[in-house]
There are 2 protein chains.
Amino acid sequence: MTYCVGLCLDEGLVFASDSRTNAGVDYVTTYSKMHLFNPSPDRLFVILSAGNLATTQEVINHIQRDIDYPTGAPNLTNVKYLFEAAEYVGKISQQVQQEHSQAFAKSGISGTTTLLIGGQISGQPHGLIMIYPQGNYISSSPQTPYLQIGESKYGKPALDRISHTGLSLHEGARLALVSLDATTRSNITVGPPFEVATYAKDSMQLSCRCSFDEADSYLINLREAWNSGINNVFQGLPDFESNQPQVILSSATTPAQAQAQADQMVKPQRQIT
Amino acid sequence: MTYCVGLCLDEGLVFASDSRTNAGVDYVTTYSKMHLFNPSPDRLFVILSAGNLATTQEVINHIQRDIDYPTGAPNLTNVKYLFEAAEYVGKISQQVQQEHSQAFAKSGISGTTTLLIGGQISGQPHGLIMIYPQGNYISSSPQTPYLQIGESKYGKPALDRISHTGLSLHEGARLALVSLDATTRSNITVGPPFEVATYAKDSMQLSCRCSFDEADSYLINLREAWNSGINNVFQGLPDFESNQPQVILSSATTPAQAQAQADQMVKPQRQIT
């Protein structure tokens with residue numbers, strides 16, 4: 001599994017990713033999922049990836065080749081807008097998946113990859129875009145300044161409560177680490193080292209790119225402060241006992257006979273093995 | 001969708017469920033997912049349900065019929081252990097699903113239901129068990145005192161950080177509401193009214209069963225206190241700026257050429273429509 005998150009703030013961009021990959025629980029490895037492209041001084045792109053590792057690497061390799069050996073076709077050096085970069089990368093992703101589609105179908109392997117691309121081209125605003133496996137894309141918005149790929153649910157509540165475009169880059173980086181830590185805690189296939197990068201708008205270079213391993217003292221302090229802070233907040237919440245509504249239903253439930261195929265849940269609980 | 005959670009604490013049991021059901025986003029209704037059975041003074045059971053509503057109702061109806069018209073076969077009145085109650089309910093669930101299996105298969109509808117059963121039989125300890133759609137089951141443990149069914153991911157981080165068997169029933173009820181609120185915030189198909197029930201061990205009756213609707217002042221206060229508390233904790237976390245590790249990687253990524261089909265993610269991101 002993977003968890004990556006990007007934030008598009010007024011001050012610039014924040015990128016964060018875990019580094020754990022796996023092919024089953026007995027083949028766990030570490031790969032960076034953060035890819036930096038700074039092909040000319042007027043532009044910078046960061047790509048985060050979640051999905052089939054071979055597909056992702058092939059996409060990244062082809063992007064780099066198109067920069068090294070330009071053919072006149074779109075590449076990261078000549079696109080004029082960030083959305084053009086997303087369209088270009090989405091097209092490469094589709095081509096790579098198409099190339100192996102028959103083999104994937106035969107073996108039942110998912111060859112898809114979902115990507116986040118963020119960055120800036122001189123004269124344009126900075127931005128953050130998610131590229132679906134189908135090659136199309138959506139960008140973040142002032143109302144929803146974050147985009148996530150991979151195992152996104154555990155880390156979403158903190159983003160929903162805290163993120164807004166007025167966060168500083170350092171606050172955004174801290175929030176991204178909190179969101180990553182929540183995911184790691186609930187899903188062991190997401191794990192450190194965590195990579196974090198920040199980009200101050202109009203600078204055309206990363207302000208920081210750093211990696212936090214499991215034993216990193218800041219990561220440990222952050223985790224402990226967050227955990228004890230949340231427990232303290234919980235202890236301070238209004239008391240349940242003195243606040244129960246007066247609706248006490250103590251009789252047995254007699255369910256109605258409605259036959260609607262109302263689906264309370266999308267998929268059955270996965271069994272613990 | 002549905003979200004239900006149960007907690008098995010030293011003091012007793014806590015049950016909580018949302019009440020929103022849907023068949024597509026244009027057919028949203030409210031049903032209780034909490035079913036109480038108190039068939040004789042020496043036993044009490046609460047069943048929470050997540051899954052196909054018709055299957056769930058048929059299971060609950062058959063359980064009640066077996067109590068009303070006993071045949072000598074197992075039912076909730078004559079089982080000796082909580083695990084026997086789980087096996088009995090699991091068998092009924094399987095029978096109901098089997099009954100309609102051809103019709104479900106033809107129409108592509110999932111007829112599964114996942115259940116939580118908790119309670120106590122006199123002379124036995126209180127307990128909490130999850131019954132899979134396949135009819136088998138697992139119980140909670142002192143290390144993992146909670147069980148969830150339905151849309152469980154958003155509400156899991158709070159449970160992971162806060163739950164332990166030493167919580168009081170009121171603390172457990174408060175935690176269950178926090179976990180429900182987190183889920184509601186991130187998935188609009190889970191929603192109030194929230195039902196909460198607590199059971200003090202050896203009492204053979206619920207100490208409370210109450211329903212919190214959207215406008216309930218305690219629910220609103222709890223939500224606001226939790227939200228502002230979390231934001232305050234975040235503001236007080238150790239600063240990112242002065243704690244960055246000295247590993248600055250500013251060169252472009254050159255991915256390795258490994259061909260492993262390492263899967264970073266189980267399924268592609270769902271597209272926002």
# chains A, B, ... in the order shown; residues from 1 in each chain; ligands from 1

$ residues_around --residues "segment 179-194 of chain B" --least-positions-apart "3" --cutoff "9 Å" --atoms "only C-alpha atoms" --output "PyMOL selection string"
(chain A and resi 153+156-157+160+264) or (chain B and resi 1-5+16-22+25+28+30+32+151-159+174-176+210-214+219+223)

$ residues_around --residues "Asp202 of chain B" --least-positions-apart "3" --cutoff "8 Å" --atoms "only C-alpha atoms" --output "number ranges by chain"
B: 120, 122, 126

$ write_last_selection --atoms "C-alpha atoms" --output "compact mmCIF listing (two decimals), in the first residue's frame"
# COMPACT_ATOMS: atom_id res chain seq x y z
CA GLN B 120 -24.28 -11.66 28.41
CA SER B 122 -26.01 -15.36 33.33
CA HIS B 126 -20.12 -10.36 28.90

$ closest_residue --among "A:Ala54, A:Ile138, A:Leu177, A:Leu147" --to "chain B" --atoms "only C-alpha atoms"
A:Ala54

$ select_by_dssp --residues "segment 51-272 of chain A" --states "strand (DSSP E)" --output "PDB file with C-alpha atoms, in the first residue's frame"
ATOM      1  CA  GLY A  51      -0.135   1.983  -7.677  1.00  0.00           C
ATOM      2  CA  THR A 113      -1.116   3.934 -11.092  1.00  0.00           C
ATOM      3  CA  THR A 114      -2.600   7.103  -9.634  1.00  0.00           C
ATOM      4  CA  LEU A 115      -0.396  10.177  -9.562  1.00  0.00           C
ATOM      5  CA  LEU A 116      -0.263  13.572  -7.917  1.00  0.00           C
ATOM      6  CA  ILE A 117       1.580  16.296  -9.795  1.00  0.00           C
ATOM      7  CA  GLY A 118       2.277  19.652  -8.249  1.00  0.00           C
ATOM      8  CA  GLY A 119       4.538  22.510  -9.114  1.00  0.00           C
ATOM      9  CA  GLN A 120       4.751  25.739 -11.002  1.00  0.00           C
ATOM     10  CA  ILE A 121       5.656  27.115 -14.409  1.00  0.00           C
ATOM     11  CA  GLY A 127      -0.981  24.124  -8.387  1.00  0.00           C
ATOM     12  CA  LEU A 128      -1.714  20.532  -7.449  1.00  0.00           C
ATOM     13  CA  ILE A 129      -3.438  17.940  -9.660  1.00  0.00           C
ATOM     14  CA  MET A 130      -4.426  14.287  -9.241  1.00  0.00           C
ATOM     15  CA  ILE A 131      -4.076  12.122 -12.344  1.00  0.00           C
ATOM     16  CA  TYR A 137      -7.336  14.601 -13.759  1.00  0.00           C
ATOM     17  CA  ILE A 138      -8.736  16.932 -11.118  1.00  0.00           C
ATOM     18  CA  SER A 139      -7.025  19.791  -9.335  1.00  0.00           C
ATOM     19  CA  TYR A 146      -5.491  18.722  -0.287  1.00  0.00           C
ATOM     20  CA  LEU A 147      -5.379  15.720  -2.594  1.00  0.00           C
ATOM     21  CA  GLN A 148      -4.625  12.178  -1.463  1.00  0.00           C
ATOM     22  CA  ILE A 149      -3.718   8.959  -3.282  1.00  0.00           C
ATOM     23  CA  GLY A 150      -3.497   5.392  -2.018  1.00  0.00           C
ATOM     24  CA  PHE A 194       8.247   9.466   5.253  1.00  0.00           C
ATOM     25  CA  GLU A 195       9.388  11.965   2.649  1.00  0.00           C
ATOM     26  CA  VAL A 196       8.266  15.563   2.922  1.00  0.00           C
ATOM     27  CA  ALA A 197       8.941  18.378   0.482  1.00  0.00           C
ATOM     28  CA  THR A 198       7.845  21.993   0.564  1.00  0.00           C
ATOM     29  CA  TYR A 199       7.812  24.488  -2.278  1.00  0.00           C
ATOM     30  CA  ALA A 200       7.504  28.227  -1.715  1.00  0.00           C
ATOM     31  CA  LEU A 206      12.127  23.113  -3.244  1.00  0.00           C
ATOM     32  CA  SER A 207      12.596  24.860   0.089  1.00  0.00           C
ATOM     33  CA  CYS A 208      13.123  21.505   1.719  1.00  0.00           C
ATOM     34  CA  ARG A 209      13.037  17.861   0.902  1.00  0.00           C
ATOM     35  CA  CYS A 210      13.660  15.579   3.799  1.00  0.00           C
ATOM     36  CA  SER A 211      13.163  12.017   4.856  1.00  0.00           C
ATOM     37  CA  PHE A 212      12.021  10.919   8.316  1.00  0.00           C
TER      38      PHE A 212
END

$ closest_residue --among "A:Val96, A:Ala85, A:Leu44, A:Ala50" --to "chain B" --atoms "only C-alpha atoms"
A:Ala50

$ residues_around --residues "Asp10 of chain A" --least-positions-apart "5" --cutoff "8 Å" --atoms "only C-alpha atoms" --output "short mmCIF file (atom, residue, chain, number, x, y, z; two decimals) with C-alpha atoms, in the first residue's frame"
data_model
loop_
_atom_site.label_atom_id
_atom_site.label_comp_id
_atom_site.auth_asym_id
_atom_site.auth_seq_id
_atom_site.Cartn_x
_atom_site.Cartn_y
_atom_site.Cartn_z
CA THR A 165 -5.14 27.42 2.32
CA GLY A 166 -3.92 29.86 4.99
CA LEU A 167 -1.66 27.28 6.66
CA SER A 168 2.04 28.08 6.41
#

$ atom_distance --atom1 "atom CA of Tyr88 of chain B" --atom2 "atom CA of Lys106 of chain B"
28.0 Å

$ closest_residue --among "B:Ser101, B:Ser107, B:Ser228, B:Gln95" --to "Gly135 of chain B" --atoms "only C-alpha atoms"
B:Gln95

$ atom_distance --atom1 "atom CA of Ile60 of chain A" --atom2 "atom CA of Ser141 of chain A"
25.9 Å
